[in-house]
Each structure stands twice: as structure tokens, then as C-alpha cells.
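Data first, discussion second: the structure below is written as C-alpha cells.
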Amino acid sequence: MAPRKATSRKMEDVKFVSERISGSLPLAESQGNKKLVVGESRAVARSAKVAEEIFDLSKKLGVTIIVADSPGLFDHDACPVQVFMRRIEFARVELEKDSVNYRLKDGRENRAKNIKKSIKKTKRLKDKLSPKMITTSGDAKVSGRKSTLEKAGELKPNQKVAIKKIMKEHGAGKIGLRTAAAQLSSALEFTVGGQETARRFFAEFKLCH
């Protein structure tokens, strides 16, 4: 289906689309464009299997893919050496991707182990847990953005009193999460998100204070 553009009167079909970046449209939608230029091989695919599927599709559609740093990589009438080089290149790309993923996974697992040890030690010493250590469910926090409690930093005594009061009123059913979020924003002196953020904040506060 052709893309559409809005006018003040009605929706009109757009018969041609001008690509700002060559290859930004799916192959099957590249209207009249028989050459697609990409900067490097990994921009085409990150696995050898997908690269071969894209190559077969480009042949079927009559579209030539030109990789800037290796122009003959996707030649449709490639010789055996070119075919071999294409498969080797994308095997390299896939290995590079898998190696990075493996290192990241290994790093996350090691970080999780260290944090779990710190949590056990903190609980044994009856110290306060840091929001940097744990998630709202009490698991080791390995990655992800900062929680609201973490953003708040070191809480002042009057802030802790205000938060405990808000939590008590919410627990007693006197206020809802929407009102609680507004009151938390006032106590913390920055905007707390919505109801879900308030719920998560309460769970984390209980674990850390």
C-alpha cells in the first residue's frame, strides 16, 4: 500500500517516496531504485544466514546492494571467490556480534554475583541496603536506569518522615497512588512519575529504610 500524506482537505496517496538514506526502505518497496548503498557490511545483516537471505531477495527483486567498503560483496553474477568472501565476511560479522554479547552476558553475571554477596553481607551486618544494589523486587540490580529512590540520593530526616506518612496513609486506604505520587513529588522536590512509579518507590523504600 502506498504511503499517504495529510492535507487540510483529505488524505492523498503518495506515488513515490524519496529516501533520505539509500536503503532506508524495505527492498520490496524501493520503487524504481535498483541500487542500495550501505556504509559497511554489518549494516546489511548481523548474521551469515540473514545475509544470504537478503542476497537471495535482492536477486529476486533485481536490486543491487553496494557495500561501500567492499562494493562487490553482493554482485548477482559473483564468481566462487566472491561468494566465499561474502560468506566469510558475514561469518566474521556474526562472530563479532556473538563475542560482544558473550562478554556482556559474562559481565552481567559476574556483577550479579558480586551484588548478591554484598546484599548478604549488608543484611548480616543489619546495615541499610542501597537502591543501587537491588530492584524493587529485592533482586540484584545489574543494569537498567536509576530508580526514583536512587535519583533522590541521601534522604533528609524530614523527607523520610514525610514519605513514611504518605505510605501509612496509602496503606490505610486514605489516599490513592495518584495522590501519593503528587505528595512524593512535593517531599522529594522533583516530579515523581505516575501511580506505578509511586508503587515501585514504596516497595524500594521498604527494602532500603
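Scheme for the C-alpha cells: letters A, B, ... for chains in order shown; per-chain residue numbers from 1; ligand numbers from 1 in order shown.
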
Quick one: everything within 9 Å of region 163-178 of chain A, counting only C-alpha atoms, minus sequence neighbours fewer than 6 positions away in the same chain. Send it as a PDB file with all heavy atoms, in the first residue's frame.
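Saved result, around-v7.pdb, follows:
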```
ATOM      1  N   LEU A 184       4.624  12.616  47.017  1.00  0.00           N
ATOM      2  CA  LEU A 184       6.031  12.224  46.945  1.00  0.00           C
ATOM      3  C   LEU A 184       6.841  13.262  46.177  1.00  0.00           C
ATOM      4  O   LEU A 184       7.973  13.581  46.543  1.00  0.00           O
ATOM      5  CB  LEU A 184       6.170  10.859  46.266  1.00  0.00           C
ATOM      6  CG  LEU A 184       5.831   9.624  47.105  1.00  0.00           C
ATOM      7  CD1 LEU A 184       5.846   8.377  46.234  1.00  0.00           C
ATOM      8  CD2 LEU A 184       6.816   9.473  48.267  1.00  0.00           C
ATOM      9  N   ALA A 187       7.562  16.003  48.519  1.00  0.00           N
ATOM     10  CA  ALA A 187       8.525  15.622  49.560  1.00  0.00           C
ATOM     11  C   ALA A 187       9.943  15.503  49.003  1.00  0.00           C
ATOM     12  O   ALA A 187      10.912  15.900  49.658  1.00  0.00           O
ATOM     13  CB  ALA A 187       8.097  14.306  50.201  1.00  0.00           C
ATOM     14  N   LEU A 188      10.062  14.968  47.791  1.00  0.00           N
ATOM     15  CA  LEU A 188      11.389  14.739  47.200  1.00  0.00           C
ATOM     16  C   LEU A 188      11.908  15.945  46.427  1.00  0.00           C
ATOM     17  O   LEU A 188      13.073  15.977  46.020  1.00  0.00           O
ATOM     18  CB  LEU A 188      11.332  13.521  46.265  1.00  0.00           C
ATOM     19  CG  LEU A 188      10.995  12.185  46.929  1.00  0.00           C
ATOM     20  CD1 LEU A 188      10.804  11.100  45.881  1.00  0.00           C
ATOM     21  CD2 LEU A 188      12.085  11.778  47.909  1.00  0.00           C
ATOM     22  N   GLY A 194       3.997   8.520  37.574  1.00  0.00           N
ATOM     23  CA  GLY A 194       2.598   8.258  37.881  1.00  0.00           C
ATOM     24  C   GLY A 194       2.406   7.271  39.009  1.00  0.00           C
ATOM     25  O   GLY A 194       3.259   7.106  39.887  1.00  0.00           O
ATOM     26  N   GLN A 195       1.284   6.588  38.944  1.00  0.00           N
ATOM     27  CA  GLN A 195       0.903   5.661  40.004  1.00  0.00           C
ATOM     28  C   GLN A 195       1.871   4.481  40.121  1.00  0.00           C
ATOM     29  O   GLN A 195       2.230   4.065  41.220  1.00  0.00           O
ATOM     30  CB  GLN A 195      -0.510   5.142  39.730  1.00  0.00           C
ATOM     31  CG  GLN A 195      -1.560   6.256  39.683  1.00  0.00           C
ATOM     32  CD  GLN A 195      -2.922   5.754  39.264  1.00  0.00           C
ATOM     33  OE1 GLN A 195      -3.483   4.872  39.904  1.00  0.00           O
ATOM     34  NE2 GLN A 195      -3.468   6.300  38.196  1.00  0.00           N
ATOM     35  N   GLU A 196       2.302   3.930  38.988  1.00  0.00           N
ATOM     36  CA  GLU A 196       3.211   2.790  39.002  1.00  0.00           C
ATOM     37  C   GLU A 196       4.562   3.169  39.609  1.00  0.00           C
ATOM     38  O   GLU A 196       5.163   2.385  40.349  1.00  0.00           O
ATOM     39  CB  GLU A 196       3.409   2.253  37.586  1.00  0.00           C
ATOM     40  CG  GLU A 196       4.340   1.059  37.465  1.00  0.00           C
ATOM     41  CD  GLU A 196       3.889  -0.159  38.255  1.00  0.00           C
ATOM     42  OE1 GLU A 196       2.695  -0.257  38.603  1.00  0.00           O
ATOM     43  OE2 GLU A 196       4.746  -1.028  38.532  1.00  0.00           O
ATOM     44  N   THR A 197       5.025   4.388  39.316  1.00  0.00           N
ATOM     45  CA  THR A 197       6.300   4.855  39.886  1.00  0.00           C
ATOM     46  C   THR A 197       6.193   4.964  41.401  1.00  0.00           C
ATOM     47  O   THR A 197       7.124   4.601  42.132  1.00  0.00           O
ATOM     48  CB  THR A 197       6.686   6.222  39.288  1.00  0.00           C
ATOM     49  OG1 THR A 197       6.723   6.123  37.873  1.00  0.00           O
ATOM     50  CG2 THR A 197       8.051   6.675  39.787  1.00  0.00           C
ATOM     51  N   ALA A 198       5.047   5.450  41.872  1.00  0.00           N
ATOM     52  CA  ALA A 198       4.835   5.563  43.319  1.00  0.00           C
ATOM     53  C   ALA A 198       4.826   4.178  43.969  1.00  0.00           C
ATOM     54  O   ALA A 198       5.423   3.973  45.032  1.00  0.00           O
ATOM     55  CB  ALA A 198       3.509   6.281  43.589  1.00  0.00           C
ATOM     56  N   ARG A 199       4.169   3.219  43.320  1.00  0.00           N
ATOM     57  CA  ARG A 199       4.118   1.860  43.860  1.00  0.00           C
ATOM     58  C   ARG A 199       5.522   1.254  43.971  1.00  0.00           C
ATOM     59  O   ARG A 199       5.885   0.648  44.980  1.00  0.00           O
ATOM     60  CB  ARG A 199       3.237   0.975  42.963  1.00  0.00           C
ATOM     61  CG  ARG A 199       3.010  -0.426  43.531  1.00  0.00           C
ATOM     62  CD  ARG A 199       2.411  -1.352  42.491  1.00  0.00           C
ATOM     63  NE  ARG A 199       3.339  -1.612  41.399  1.00  0.00           N
ATOM     64  CZ  ARG A 199       4.362  -2.436  41.469  1.00  0.00           C
ATOM     65  NH1 ARG A 199       4.656  -3.069  42.604  1.00  0.00           N
ATOM     66  NH2 ARG A 199       5.153  -2.635  40.423  1.00  0.00           N
ATOM     67  N   PHE A 202       7.519   2.881  46.834  1.00  0.00           N
ATOM     68  CA  PHE A 202       7.154   2.349  48.152  1.00  0.00           C
ATOM     69  C   PHE A 202       7.845   1.013  48.403  1.00  0.00           C
ATOM     70  O   PHE A 202       8.379   0.767  49.495  1.00  0.00           O
ATOM     71  CB  PHE A 202       5.634   2.170  48.250  1.00  0.00           C
ATOM     72  CG  PHE A 202       4.863   3.456  48.336  1.00  0.00           C
ATOM     73  CD1 PHE A 202       3.525   3.508  47.994  1.00  0.00           C
ATOM     74  CD2 PHE A 202       5.481   4.623  48.767  1.00  0.00           C
ATOM     75  CE1 PHE A 202       2.807   4.694  48.084  1.00  0.00           C
ATOM     76  CE2 PHE A 202       4.777   5.819  48.860  1.00  0.00           C
ATOM     77  CZ  PHE A 202       3.423   5.851  48.507  1.00  0.00           C
ATOM     78  N   PHE A 205      11.567   1.617  48.970  1.00  0.00           N
ATOM     79  CA  PHE A 205      11.797   2.323  50.235  1.00  0.00           C
ATOM     80  C   PHE A 205      11.728   1.348  51.407  1.00  0.00           C
ATOM     81  O   PHE A 205      12.530   1.415  52.355  1.00  0.00           O
ATOM     82  CB  PHE A 205      10.767   3.447  50.403  1.00  0.00           C
ATOM     83  CG  PHE A 205      11.027   4.333  51.589  1.00  0.00           C
ATOM     84  CD1 PHE A 205      11.890   5.405  51.518  1.00  0.00           C
ATOM     85  CD2 PHE A 205      10.384   4.079  52.807  1.00  0.00           C
ATOM     86  CE1 PHE A 205      12.136   6.222  52.616  1.00  0.00           C
ATOM     87  CE2 PHE A 205      10.609   4.892  53.922  1.00  0.00           C
ATOM     88  CZ  PHE A 205      11.491   5.965  53.816  1.00  0.00           C
TER      89      PHE A 205
END
```

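Residue nearest Leu57 (chain A), chosen from A:Lys97, A:Ala181, A:His76, A:Lys151 and counting only C-alpha atoms: A:His76.
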
Interatomic distance, CA of Glu53 (chain A) to CA of Glu94 (chain A) (Å, one decimal): 14.5 Å

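Take CA of Ala91 (chain A) and CA of Ser143 (chain A): the distance between them is 29.6 Å.
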
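The interatomic distance for the pair CA of Gly39 (chain A) and CA of Cys79 (chain A) works out to 22.8 Å.
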
For Asp75 (chain A): contacts at 10 Å, only C-alpha atoms, fewer than 5 positions along chain excluded, given as a list in words: Phe55, Ser58, Lys59, Thr64, Ile65, Ile66, Gln82, Val83 and Arg86 of chain A
